[in-house]
$ cat protein04.txt   # compact mmCIF, C-alpha atoms
# COMPACT_ATOMS: atom_id res chain seq x y z
CA MET D 1 35.74 72.60 3.28
CA ILE D 2 33.38 72.91 0.29
CA GLU D 3 29.76 74.04 0.38
CA LEU D 4 27.71 71.75 -1.84
CA ASP D 5 24.24 72.50 -0.47
CA PRO D 6 21.80 73.04 -3.37
CA ASN D 7 19.55 74.98 -0.98
CA ASP D 8 22.27 77.58 -0.38
CA PRO D 9 20.57 81.02 -0.35
CA THR D 10 23.01 82.24 -2.99
CA ASN D 11 21.24 80.00 -5.50
CA ARG D 12 18.83 82.11 -7.53
CA PRO D 13 16.80 79.86 -9.85
CA LEU D 14 15.22 81.57 -12.83
CA GLY D 15 11.62 80.56 -12.31
CA PRO D 16 10.04 77.34 -11.04
CA PRO D 17 11.34 73.94 -12.12
CA SER D 18 10.47 73.10 -15.71
CA PRO D 19 8.06 70.18 -16.00
CA VAL D 20 9.70 66.89 -16.95
CA PRO D 21 8.68 65.83 -20.47
CA PRO D 22 7.01 62.40 -20.38
CA ASP D 23 9.45 61.10 -22.99
CA ALA D 24 12.62 62.19 -21.14
CA VAL D 25 15.41 59.62 -21.56
CA PRO D 26 17.50 58.34 -18.61
CA LEU D 27 21.24 58.89 -19.04
CA TYR D 28 22.10 56.09 -16.66
CA GLY D 29 21.56 52.37 -16.31
CA PRO D 30 22.93 49.32 -18.18
CA ARG D 31 22.02 50.48 -21.66
CA TYR D 32 23.76 53.81 -21.29
CA GLN D 33 26.77 52.17 -19.66
CA GLU D 34 27.25 49.39 -22.23
CA ASP D 35 26.81 51.19 -25.55
CA PRO D 36 26.19 54.94 -25.31
CA ALA D 37 27.14 55.46 -28.97
CA ALA D 38 24.27 53.26 -30.13
CA LEU D 39 21.92 55.03 -27.73
CA PHE D 40 22.99 58.44 -29.01
CA ARG D 41 22.37 57.36 -32.63
CA GLU D 42 18.88 56.22 -31.70
CA LEU D 43 18.17 59.42 -29.76
CA ARG D 44 19.30 61.54 -32.70
CA ARG D 45 16.91 59.71 -35.04
CA GLU D 46 13.99 60.00 -32.62
CA TYR D 47 14.51 63.41 -31.03
CA GLY D 48 16.94 65.40 -33.16
CA PRO D 49 19.89 67.38 -31.81
CA VAL D 50 18.38 68.32 -28.42
CA VAL D 51 16.97 65.56 -26.22
CA PRO D 52 14.91 65.74 -23.00
CA ALA D 53 16.99 63.74 -20.53
CA LEU D 54 17.08 62.53 -16.94
CA LEU D 55 20.19 62.46 -14.80
CA GLN D 56 20.59 60.17 -11.81
CA GLY D 57 17.74 60.80 -9.41
CA ASP D 58 15.52 61.70 -12.37
CA ILE D 59 16.72 65.29 -12.46
CA PHE D 60 15.69 66.91 -15.75
CA ALA D 61 18.03 68.64 -18.21
CA TRP D 62 18.40 68.97 -21.99
CA LEU D 63 21.03 66.80 -23.69
CA VAL D 64 22.55 68.87 -26.51
CA MET D 65 24.12 66.40 -28.96
CA GLY D 66 24.03 68.34 -32.24
CA TYR D 67 27.46 69.63 -33.26
CA ARG D 68 26.15 73.03 -34.36
CA GLU D 69 23.91 73.37 -31.32
CA LEU D 70 26.72 72.44 -28.92
CA HIS D 71 29.05 74.85 -30.67
CA GLN D 72 26.41 77.54 -30.08
CA LEU D 73 26.35 76.71 -26.36
CA PHE D 74 30.12 77.10 -26.17
CA SER D 75 30.07 80.34 -28.15
CA ASP D 76 27.26 82.30 -26.46
CA PRO D 77 27.97 82.74 -22.73
CA GLN D 78 25.41 85.53 -22.46
CA LEU D 79 22.54 83.21 -23.37
CA PHE D 80 24.00 79.98 -22.00
CA ALA D 81 25.68 80.84 -18.71
CA ARG D 82 28.25 78.82 -16.79
CA ASP D 83 26.92 79.82 -13.35
CA PRO D 84 24.71 76.94 -12.09
CA ARG D 85 22.96 78.98 -9.39
CA ILE D 86 20.24 79.98 -11.89
CA TRP D 87 19.23 76.33 -12.46
CA ASN D 88 15.50 75.99 -12.01
CA GLN D 89 15.83 72.36 -10.88
CA TRP D 90 17.55 73.13 -7.55
CA PRO D 91 14.31 72.64 -5.57
CA ASN D 92 14.28 69.03 -6.87
CA VAL D 93 17.94 68.28 -6.09
CA PRO D 94 18.69 66.53 -2.77
CA PRO D 95 21.87 67.51 -0.89
CA ASP D 96 23.32 64.01 -1.37
CA TRP D 97 22.75 63.90 -5.14
CA PRO D 98 25.74 61.93 -6.55
CA LEU D 99 26.53 64.55 -9.22
CA ILE D 100 26.30 67.57 -6.94
CA GLN D 101 30.02 67.99 -6.37
CA TYR D 102 30.44 68.79 -10.09
CA THR D 103 27.27 70.89 -10.40
CA ALA D 104 26.85 73.07 -7.31
CA TYR D 105 28.53 76.47 -7.56
CA GLN D 106 32.09 76.77 -6.31
CA SER D 107 34.63 79.58 -6.51
CA SER D 108 36.31 77.85 -9.44
CA VAL D 109 37.40 79.03 -12.87
CA LEU D 110 34.95 76.41 -14.11
CA PHE D 111 31.99 78.57 -13.04
CA GLY D 112 33.45 82.02 -13.67
CA GLU D 113 32.27 84.44 -16.34
CA GLY D 114 33.52 87.58 -18.06
CA PRO D 115 36.74 89.39 -17.05
CA ALA D 116 36.88 87.61 -13.69
CA HIS D 117 36.92 84.29 -15.52
CA GLN D 118 39.57 85.44 -18.00
CA ARG D 119 41.83 86.52 -15.13
CA ARG D 120 41.78 82.95 -13.81
CA VAL D 121 42.29 81.45 -17.26
CA ASP D 122 45.34 83.68 -17.83
CA ALA D 123 46.92 82.49 -14.59
CA ILE D 124 46.36 78.82 -15.48
CA SER D 125 47.53 79.18 -19.07
CA ASP D 126 50.66 81.12 -18.15
CA ALA D 127 51.56 78.61 -15.43
CA LEU D 128 51.07 75.65 -17.80
CA SER D 129 53.12 77.39 -20.49
CA GLY D 130 56.09 77.09 -18.15
CA VAL D 131 56.04 73.30 -18.58
CA ASP D 132 58.80 72.11 -20.93
CA GLN D 133 57.10 69.54 -23.16
CA PHE D 134 60.37 67.76 -23.94
CA GLU D 135 61.06 67.38 -20.23
CA LEU D 136 57.49 66.20 -19.70
CA ARG D 137 57.93 63.56 -22.41
CA ALA D 138 61.14 62.35 -20.78
CA ARG D 139 59.49 62.23 -17.37
CA CYS D 140 56.52 60.31 -18.77
CA GLU D 141 58.86 57.78 -20.35
CA GLU D 142 60.45 57.21 -16.94
CA ILE D 143 57.05 56.84 -15.28
CA ALA D 144 55.85 54.43 -17.98
CA ASP D 145 58.98 52.30 -17.73
CA ALA D 146 58.70 52.12 -13.94
CA LEU D 147 55.04 51.09 -14.10
CA ILE D 148 55.71 48.47 -16.79
CA ASP D 149 58.65 47.09 -14.78
CA GLU D 150 56.17 46.15 -12.07
CA PHE D 151 54.35 43.66 -14.31
CA ALA D 152 56.65 43.02 -17.30
CA GLY D 153 58.10 39.78 -15.91
CA SER D 154 54.71 38.23 -15.12
CA GLY D 155 53.37 38.04 -18.66
CA LYS D 156 50.03 39.51 -17.62
CA ALA D 157 48.60 42.82 -16.43
CA GLU D 158 45.41 44.75 -15.81
CA LEU D 159 46.23 47.88 -17.76
CA MET D 160 43.66 50.24 -16.27
CA THR D 161 44.62 49.99 -12.60
CA GLN D 162 48.28 49.07 -13.17
CA TYR D 163 49.01 51.54 -15.93
CA ALA D 164 46.44 53.89 -17.49
CA TYR D 165 45.09 55.33 -14.22
CA SER D 166 48.58 55.77 -12.79
CA MET D 167 50.33 57.44 -15.72
CA PRO D 168 48.59 60.85 -15.79
CA VAL D 169 48.34 61.42 -12.06
CA MET D 170 52.03 60.63 -11.54
CA ALA D 171 52.95 63.07 -14.30
CA ILE D 172 50.54 65.70 -12.96
CA ALA D 173 51.86 65.29 -9.43
CA GLY D 174 55.27 66.40 -10.61
CA LEU D 175 53.79 69.36 -12.47
CA ILE D 176 51.72 70.72 -9.58
CA GLY D 177 54.15 69.79 -6.79
CA LEU D 178 52.08 66.99 -5.19
CA SER D 179 54.00 64.41 -3.19
CA VAL D 180 54.37 60.97 -4.76
CA GLY D 181 52.93 59.36 -1.63
CA GLU D 182 49.54 60.97 -2.22
CA VAL D 183 49.24 60.07 -5.92
CA GLY D 184 47.51 56.70 -5.54
CA ASP D 185 44.80 57.95 -3.21
CA VAL D 186 44.04 60.93 -5.47
CA ALA D 187 43.67 58.73 -8.57
CA ARG D 188 41.32 56.30 -6.81
CA ASP D 189 39.19 59.06 -5.29
CA LEU D 190 38.80 60.88 -8.61
CA VAL D 191 37.44 57.69 -10.20
CA THR D 192 35.02 57.18 -7.30
CA SER D 193 33.82 60.79 -7.33
CA LEU D 194 33.01 60.71 -11.05
CA ASP D 195 31.23 57.36 -11.05
CA GLY D 196 28.39 58.88 -9.04
CA GLY D 197 27.77 56.27 -6.33
CA GLU D 198 27.21 56.71 -2.60
CA ALA D 199 30.94 57.17 -2.04
CA ALA D 200 31.24 59.99 -4.61
CA ILE D 201 30.96 62.99 -2.28
CA PRO D 202 33.35 61.68 0.43
CA ALA D 203 35.88 60.81 -2.29
CA TYR D 204 35.66 64.31 -3.73
CA GLU D 205 36.13 65.82 -0.28
CA ARG D 206 39.30 63.77 0.27
CA VAL D 207 40.78 65.05 -3.00
CA ALA D 208 39.78 68.58 -2.00
CA GLY D 209 41.57 68.19 1.32
CA THR D 210 44.73 67.07 -0.45
CA MET D 211 44.64 70.12 -2.72
CA GLN D 212 44.08 72.48 0.19
CA ARG D 213 47.16 71.10 1.91
CA LEU D 214 49.13 71.46 -1.33
CA VAL D 215 48.21 75.14 -1.69
CA GLY D 216 49.18 75.82 1.92
CA ALA D 217 52.52 74.08 1.45
CA LYS D 218 53.32 76.01 -1.74
CA ARG D 219 52.32 79.31 -0.15
CA ALA D 220 54.84 78.59 2.60
CA GLU D 221 57.55 77.19 0.33
CA PRO D 222 57.17 77.80 -3.44
CA GLY D 223 58.90 75.52 -5.93
CA PRO D 224 59.42 75.07 -9.69
CA ASP D 225 55.87 73.88 -10.29
CA VAL D 226 52.54 74.98 -11.76
CA THR D 227 50.96 75.68 -8.36
CA SER D 228 53.80 78.00 -7.33
CA ARG D 229 53.70 79.81 -10.68
CA MET D 230 49.97 80.38 -10.22
CA LEU D 231 50.65 81.75 -6.73
CA ALA D 232 53.18 84.21 -8.13
CA HIS D 233 51.05 85.25 -11.10
CA PRO D 234 50.05 88.94 -11.43
CA ALA D 235 46.41 87.83 -11.29
CA GLY D 236 46.89 87.67 -7.52
CA LEU D 237 44.86 84.53 -6.88
CA THR D 238 43.55 84.02 -3.37
CA ASP D 239 44.18 80.72 -1.62
CA GLU D 240 40.55 79.76 -2.21
CA GLU D 241 40.76 80.54 -5.92
CA LEU D 242 44.05 78.67 -6.24
CA PHE D 243 42.70 75.67 -4.37
CA PHE D 244 39.70 75.30 -6.66
CA ASP D 245 41.71 75.86 -9.82
CA VAL D 246 44.46 73.37 -8.92
CA LEU D 247 41.75 70.88 -8.00
CA LEU D 248 40.12 71.42 -11.39
CA LEU D 249 43.46 71.11 -13.19
CA THR D 250 44.12 67.78 -11.50
CA LEU D 251 40.66 66.44 -12.27
CA ALA D 252 40.65 67.67 -15.86
CA ALA D 253 44.11 66.24 -16.53
CA GLN D 254 43.78 62.91 -14.73
CA GLU D 255 40.42 61.40 -15.63
CA PRO D 256 40.14 62.34 -19.33
CA THR D 257 43.79 61.50 -19.99
CA ALA D 258 43.73 58.17 -18.13
CA ASN D 259 40.72 57.05 -20.11
CA TRP D 260 42.13 58.48 -23.35
CA ILE D 261 45.03 56.08 -22.78
CA GLY D 262 42.75 53.19 -21.85
CA ASN D 263 40.30 53.71 -24.71
CA THR D 264 43.17 53.99 -27.19
CA LEU D 265 44.73 50.75 -25.99
CA GLN D 266 41.32 49.09 -26.13
CA LEU D 267 40.88 50.25 -29.73
CA MET D 268 44.32 49.06 -30.78
CA LEU D 269 43.77 45.67 -29.13
CA THR D 270 40.33 45.05 -30.63
CA ASP D 271 40.34 46.69 -34.08
CA ASP D 272 42.24 44.96 -36.87
CA ARG D 273 43.15 48.29 -38.43
CA PHE D 274 45.35 48.92 -35.41
CA SER D 275 46.00 45.55 -33.79
CA LEU D 276 47.71 44.22 -36.91
CA THR D 277 50.40 46.88 -36.57
CA LEU D 278 51.01 46.78 -32.82
CA SER D 279 54.63 45.68 -33.22
CA GLY D 280 55.66 48.47 -35.53
CA GLY D 281 52.85 50.83 -36.42
CA ARG D 282 54.23 54.09 -35.06
CA GLN D 283 51.84 56.23 -37.10
CA SER D 284 48.86 54.18 -35.94
CA VAL D 285 49.29 55.47 -32.37
CA GLY D 286 48.48 59.02 -33.41
CA GLN D 287 45.60 57.84 -35.57
CA ALA D 288 44.20 55.77 -32.71
CA LEU D 289 44.45 58.65 -30.25
CA ASN D 290 42.56 60.91 -32.67
CA GLU D 291 39.93 58.32 -33.54
CA VAL D 292 39.16 57.77 -29.87
CA MET D 293 38.49 61.49 -29.47
CA TRP D 294 35.90 61.28 -32.24
CA GLU D 295 34.39 57.84 -31.76
CA ASN D 296 34.79 56.97 -28.07
CA THR D 297 35.82 60.15 -26.32
CA PRO D 298 36.70 59.81 -22.63
CA VAL D 299 34.60 62.90 -21.85
CA GLN D 300 31.07 61.92 -22.85
CA ASN D 301 28.74 64.42 -21.19
CA SER D 302 28.77 67.25 -18.68
CA LEU D 303 25.97 69.28 -17.13
CA GLY D 304 27.60 72.58 -17.94
CA ARG D 305 25.34 75.41 -19.16
CA TRP D 306 22.15 77.12 -17.97
CA ALA D 307 19.80 79.24 -20.06
CA THR D 308 19.57 82.87 -18.92
CA ARG D 309 16.24 83.44 -20.70
CA ASP D 310 13.65 81.59 -22.74
CA THR D 311 15.05 80.60 -26.11
CA GLN D 312 14.94 78.05 -28.93
CA LEU D 313 17.64 75.46 -29.56
CA GLY D 314 17.47 72.60 -32.02
CA GLY D 315 13.72 73.07 -32.38
CA ARG D 316 13.15 72.87 -28.61
CA HIS D 317 11.72 75.52 -26.31
CA ILE D 318 14.31 76.06 -23.60
CA ARG D 319 13.03 77.85 -20.51
CA ALA D 320 15.01 80.34 -18.46
CA GLY D 321 16.99 78.41 -15.87
CA ASP D 322 16.93 75.10 -17.74
CA GLY D 323 20.09 73.03 -17.49
CA LEU D 324 21.86 71.91 -20.66
CA ILE D 325 24.08 68.86 -20.86
CA LEU D 326 27.13 69.21 -23.08
CA GLY D 327 26.67 66.05 -25.17
CA ILE D 328 30.24 65.89 -26.45
CA ALA D 329 30.15 62.25 -27.54
CA GLY D 330 26.91 62.74 -29.43
CA ALA D 331 28.12 65.95 -31.08
CA ASN D 332 31.38 64.34 -32.20
CA ALA D 333 29.33 61.64 -33.94
CA ASP D 334 26.91 64.11 -35.56
CA PRO D 335 26.56 63.26 -39.29
CA TYR D 336 26.91 67.00 -39.90
CA VAL D 337 30.65 66.63 -39.19
CA ARG D 338 31.10 62.84 -39.24
CA PRO D 339 29.07 61.36 -42.11
CA ALA D 340 28.98 57.58 -42.41
CA SER D 341 31.31 57.75 -45.41
CA VAL D 342 34.21 58.90 -43.22
CA ALA D 343 33.62 56.76 -40.14
CA GLY D 344 36.74 54.86 -39.19
CA VAL D 345 39.15 56.93 -41.30
CA PRO D 346 41.60 59.58 -40.08
CA ALA D 347 39.84 62.77 -39.04
CA ASN D 348 40.87 66.33 -38.25
CA ASN D 349 41.00 67.83 -34.77
CA ALA D 350 37.64 69.62 -34.90
CA HIS D 351 36.14 67.36 -32.23
CA LEU D 352 34.65 69.10 -29.19
CA THR D 353 36.32 66.99 -26.51
CA PHE D 354 38.41 69.94 -25.34
CA ALA D 355 35.34 72.20 -25.56
CA HIS D 356 35.42 75.58 -27.29
CA GLY D 357 35.18 79.27 -26.56
CA SER D 358 35.94 81.04 -23.30
CA HIS D 359 35.49 77.85 -21.28
CA GLY D 360 37.51 75.60 -23.55
CA CYS D 361 40.58 73.86 -22.15
CA PRO D 362 43.21 76.59 -21.70
CA HIS D 363 46.34 76.48 -23.80
CA PRO D 364 48.53 74.44 -23.60
CA ALA D 365 46.53 71.87 -21.58
CA PRO D 366 45.43 69.78 -24.62
CA GLU D 367 49.02 69.55 -25.87
CA LEU D 368 50.27 68.45 -22.45
CA ALA D 369 47.54 65.82 -22.21
CA GLU D 370 48.53 64.46 -25.61
CA VAL D 371 52.18 64.23 -24.57
CA ILE D 372 51.17 62.09 -21.58
CA ALA D 373 48.73 59.90 -23.52
CA ARG D 374 50.92 59.36 -26.57
CA THR D 375 53.96 58.54 -24.45
CA ALA D 376 51.99 56.04 -22.38
CA VAL D 377 50.77 54.15 -25.45
CA GLU D 378 54.06 54.25 -27.34
CA VAL D 379 56.22 53.10 -24.42
CA LEU D 380 53.85 50.24 -23.62
CA LEU D 381 53.93 49.01 -27.22
CA ASP D 382 57.70 49.37 -27.32
CA ARG D 383 58.17 47.31 -24.18
CA ILE D 384 55.57 44.58 -24.80
CA PRO D 385 54.74 44.62 -28.53
CA ASP D 386 52.97 41.25 -28.43
CA VAL D 387 50.36 42.36 -25.89
CA THR D 388 46.91 40.85 -26.46
CA LEU D 389 43.60 40.87 -24.60
CA ALA D 390 43.24 38.21 -21.94
CA VAL D 391 39.46 38.01 -22.40
CA PRO D 392 37.13 38.25 -25.41
CA ALA D 393 36.51 41.89 -26.36
CA GLU D 394 32.78 41.57 -25.66
CA GLN D 395 33.56 40.78 -22.01
CA LEU D 396 35.20 44.13 -21.35
CA THR D 397 33.06 46.24 -19.05
CA TRP D 398 32.68 50.01 -18.88
CA ARG D 399 32.37 52.40 -15.96
CA PRO D 400 28.86 53.58 -15.00
CA SER D 401 29.88 57.26 -15.03
CA PHE D 402 27.55 59.77 -16.66
CA GLN D 403 30.52 61.96 -17.57
CA ILE D 404 33.47 59.65 -18.29
CA ARG D 405 33.72 56.82 -20.81
CA GLY D 406 36.31 54.33 -19.62
CA MET D 407 36.78 50.66 -18.89
CA LEU D 408 36.62 49.09 -15.47
CA SER D 409 39.48 46.80 -16.46
CA LEU D 410 41.67 45.92 -19.45
CA PRO D 411 43.32 42.54 -18.76
CA VAL D 412 46.12 41.53 -21.15
CA THR D 413 48.73 38.84 -21.63
CA PHE D 414 52.14 38.92 -23.32
CA ALA D 415 55.48 37.15 -23.36
CA PRO D 416 57.29 37.99 -20.11
CA ALA D 417 59.73 40.81 -20.71
CA SER D 418 62.79 42.07 -18.88
CA VAL D 419 62.76 45.22 -16.81
CA ALA D 420 63.89 48.45 -18.43
CA THR D 421 67.56 49.27 -18.41
CA GLY D 422 68.83 52.74 -17.72
CA PRO D 423 69.92 55.08 -14.94
$ encode --input "protein04.txt" --output "structure tokens"
Amino acid sequence: MIELDPNDPTNRPLGPPSPVPPDAVPLYGPRYQEDPAALFRELRREYGPVVPALLQGDIFAWLVMGYRELHQLFSDPQLFARDPRIWNQWPNVPPDWPLIQYTAYQSSVLFGEGPAHQRRVDAISDALSGVDQFELRARCEEIADALIDEFAGSGKAELMTQYAYSMPVMAIAGLIGLSVGEVGDVARDLVTSLDGGEAAIPAYERVAGTMQRLVGAKRAEPGPDVTSRMLAHPAGLTDEELFFDVLLLTLAAQEPTANWIGNTLQLMLTDDRFSLTLSGGRQSVGQALNEVMWENTPVQNSLGRWATRDTQLGGRHIRAGDGLILGIAGANADPYVRPASVAGVPANNAHLTFAHGSHGCPHPAPELAEVIARTAVEVLLDRIPDVTLAVPAEQLTWRPSFQIRGMLSLPVTFAPASVATGP
């Protein structure tokens, strides 16, 4: 299956583990889960743009939350490598570390570098470019209507499990050629794997098994889907390469998009600037989607770069082999690009949620994600325009994930509506 052993002999740490600074800040626990934005503001005031941090299990890494500093990480792959095998903390990482499935080296485009990485990116981008965005929009409308039909007559729903989590994975299943019967299990296991509990590794392995079967099926019988187009690409991907890259595509499309939908609905249901226009504010949907990317991005953090030599960043001495956390949420809120005077007003698209540089989301993945998210929000508001929260906003709870910002549930009520009409 997948080798996730941090003691694999192919790991080659650059030097001994760096000592843990006594003031390192845990990026887990109730405070991080409940209000990470407030925590990031406090950390910026106290530490500046680069913060000594602890991941689950008290594993040390640097949280990079300055916009300029994070942009530098994305832009300099020679100094800040994507290959995690040089991490000097591997001797401190147990094999059952909850975050290991997204940190240990795999033969994925995620960890590639140089021309070999670009070859994989080209295959993904070309395969995604074959997706007709108008057809995707139409398919997403059908999916949204079918999901809403299941609860429209009851006058109540839990929008995360009944809607937001289901929308992207059902759309993605059609794109990659995954059978509808496997969609629910994949969505649940992706949530479990990212939340970092004891069940994280087995959940990841189940998703991996599904993707391996998919690759085998498409090798035997290609179809009009992204997986088959990647198989036929001139890059000549091996089955192992294709497996890892389709797995990454599914993960990167499902979790961020599902929580982009959920966080946008949460914003529109709790903020008067949006909730007052739920029944007719078509333009507010786009504004809400963009504001979420800046203010409450679904991708908060990722342990994603490793220093290839001693260097300075944000006034900190970074040792060779040190791990660096991509503090996307903190960087998006950096006063350098988001001063207090513009908070809460429409912003541009210069947020770092889709990353930047050679390891940024390949074109046209961000556009496809927006089609899915925008359609989900717009169709829901079309069908049940009087939707309101079923609990006080302060009672909404958030997932404990280090990486993903999303709600555990979003209960709502509305006037019972009829099922959709159509073919």
$ residues_around --input "protein04.txt" --residues "range 148-152 of chain D" --least-positions-apart "4" --cutoff "9 Å" --atoms "all atoms listed in the file" --output "CSV table (one decimal) with C-alpha atoms, in the coordinates of the input"
chain,number,residue,atom,x,y,z
D,143,ILE,CA,57.0,56.8,-15.3
D,144,ALA,CA,55.8,54.4,-18.0
D,156,LYS,CA,50.0,39.5,-17.6
D,157,ALA,CA,48.6,42.8,-16.4
D,162,GLN,CA,48.3,49.1,-13.2
D,163,TYR,CA,49.0,51.5,-15.9
D,379,VAL,CA,56.2,53.1,-24.4
D,380,LEU,CA,53.8,50.2,-23.6
D,383,ARG,CA,58.2,47.3,-24.2
D,384,ILE,CA,55.6,44.6,-24.8
D,414,PHE,CA,52.1,38.9,-23.3
D,415,ALA,CA,55.5,37.2,-23.4
D,416,PRO,CA,57.3,38.0,-20.1
D,417,ALA,CA,59.7,40.8,-20.7
D,418,SER,CA,62.8,42.1,-18.9
D,419,VAL,CA,62.8,45.2,-16.8
D,420,ALA,CA,63.9,48.4,-18.4
$ atom_distance --input "protein04.txt" --atom1 "CA of Pro202 in chain D" --atom2 "CA of Leu178 in chain D"
20.3 Å
$ closest_residue --input "protein04.txt" --among "D:Ile325, D:Val387, D:Leu99, D:Ile201" --to "Trp62 in chain D" --atoms "all atoms listed in the file"
D:Ile325
$ closest_residue --input "protein04.txt" --among "D:Met167, D:Val25, D:Ala393, D:Leu128" --to "Asp145 in chain D" --atoms "only C-alpha atoms"
D:Met167
$ closest_residue --input "protein04.txt" --among "D:Met407, D:Leu313, D:Leu159, D:Ala253" --to "Phe354 in chain D" --atoms "only C-alpha atoms"
D:Ala253
$ atom_distance --input "protein04.txt" --atom1 "CA of Ala187 in chain D" --atom2 "CA of Ala200 in chain D"
13.1 Å
$ residues_around --input "protein04.txt" --residues "Val292 in chain D" --least-positions-apart "6" --cutoff "8 Å" --atoms "only C-alpha atoms" --output "short mmCIF file (atom, residue, chain, number, x, y, z; two decimals) with C-alpha atoms, in the frame of the given file"
data_model
loop_
_atom_site.label_atom_id
_atom_site.label_comp_id
_atom_site.auth_asym_id
_atom_site.auth_seq_id
_atom_site.Cartn_x
_atom_site.Cartn_y
_atom_site.Cartn_z
CA TRP D 260 42.13 58.48 -23.35
CA ASN D 263 40.30 53.71 -24.71
CA THR D 264 43.17 53.99 -27.19
CA LEU D 267 40.88 50.25 -29.73
CA PRO D 298 36.70 59.81 -22.63
#
$ atom_distance --input "protein04.txt" --atom1 "CA of Leu194 in chain D" --atom2 "CA of Gln212 in chain D"
19.7 Å
$ closest_atom_pairs --input "protein04.txt" --of "range 155-266 of chain D" --to "range 134-142 of chain D" --cutoff "10 Å" --atoms "all atoms listed in the file" --output "CSV"
residue,atom,partner,partner_atom,distance
D:Met167,CA,D:Cys140,CA,7.5
D:Pro168,CA,D:Cys140,CA,8.5
D:Met170,CA,D:Cys140,CA,8.5
D:Ala171,CA,D:Cys140,CA,6.4
D:Ile172,CA,D:Leu136,CA,9.7
D:Gly174,CA,D:Arg139,CA,9.0
D:Leu175,CA,D:Leu136,CA,8.7
$ closest_residue --input "protein04.txt" --among "D:Ala208, D:Leu289, D:Ala350, D:Ala220" --to "Ile372 in chain D" --atoms "all atoms listed in the file"
D:Leu289
$ residues_around --input "protein04.txt" --residues "Pro364 in chain D" --least-positions-apart "2" --cutoff "9 Å" --atoms "all atoms listed in the file" --output "ChimeraX atom specification"
/D:125-126,128-129,361-362,366-369
$ residues_around --input "protein04.txt" --residues "Met160 in chain D" --least-positions-apart "6" --cutoff "8 Å" --atoms "all atoms listed in the file" --output "ChimeraX atom specification"
/D:262,407-410
$ decode --input "protein04.txt" --residues "range 223-251 of chain D" --atoms "C-alpha atoms" --output "mmCIF file, in the first residue's frame"
data_model
loop_
_atom_site.group_PDB
_atom_site.id
_atom_site.type_symbol
_atom_site.label_atom_id
_atom_site.label_comp_id
_atom_site.auth_asym_id
_atom_site.auth_seq_id
_atom_site.Cartn_x
_atom_site.Cartn_y
_atom_site.Cartn_z
ATOM 1 C CA GLY D 223 -13.299 6.508 -20.271
ATOM 2 C CA PRO D 224 -14.054 10.219 -20.820
ATOM 3 C CA ASP D 225 -12.606 11.273 -17.470
ATOM 4 C CA VAL D 226 -9.599 13.000 -15.908
ATOM 5 C CA THR D 227 -7.971 9.741 -14.776
ATOM 6 C CA SER D 228 -8.094 8.264 -18.281
ATOM 7 C CA ARG D 229 -6.732 11.473 -19.814
ATOM 8 C CA MET D 230 -3.825 11.367 -17.361
ATOM 9 C CA LEU D 231 -3.183 7.744 -18.334
ATOM 10 C CA ALA D 232 -3.042 8.700 -22.006
ATOM 11 C CA HIS D 233 -0.902 11.801 -21.476
ATOM 12 C CA PRO D 234 2.518 11.981 -23.206
ATOM 13 C CA ALA D 235 4.095 12.294 -19.750
ATOM 14 C CA GLY D 236 3.730 8.515 -19.535
ATOM 15 C CA LEU D 237 2.730 8.310 -15.883
ATOM 16 C CA THR D 238 3.278 5.004 -14.140
ATOM 17 C CA ASP D 239 0.411 3.420 -12.216
ATOM 18 C CA GLU D 240 2.085 4.455 -8.967
ATOM 19 C CA GLU D 241 2.455 8.061 -10.094
ATOM 20 C CA LEU D 242 -1.118 8.164 -11.348
ATOM 21 C CA PHE D 243 -2.447 6.653 -8.139
ATOM 22 C CA PHE D 244 -0.777 9.263 -5.952
ATOM 23 C CA ASP D 245 -1.747 12.153 -8.202
ATOM 24 C CA VAL D 246 -5.413 11.143 -8.496
ATOM 25 C CA LEU D 247 -5.473 10.682 -4.727
ATOM 26 C CA LEU D 248 -4.059 14.182 -4.294
ATOM 27 C CA LEU D 249 -6.530 15.639 -6.794
ATOM 28 C CA THR D 250 -9.427 14.112 -4.886
ATOM 29 C CA LEU D 251 -8.159 15.333 -1.526
#
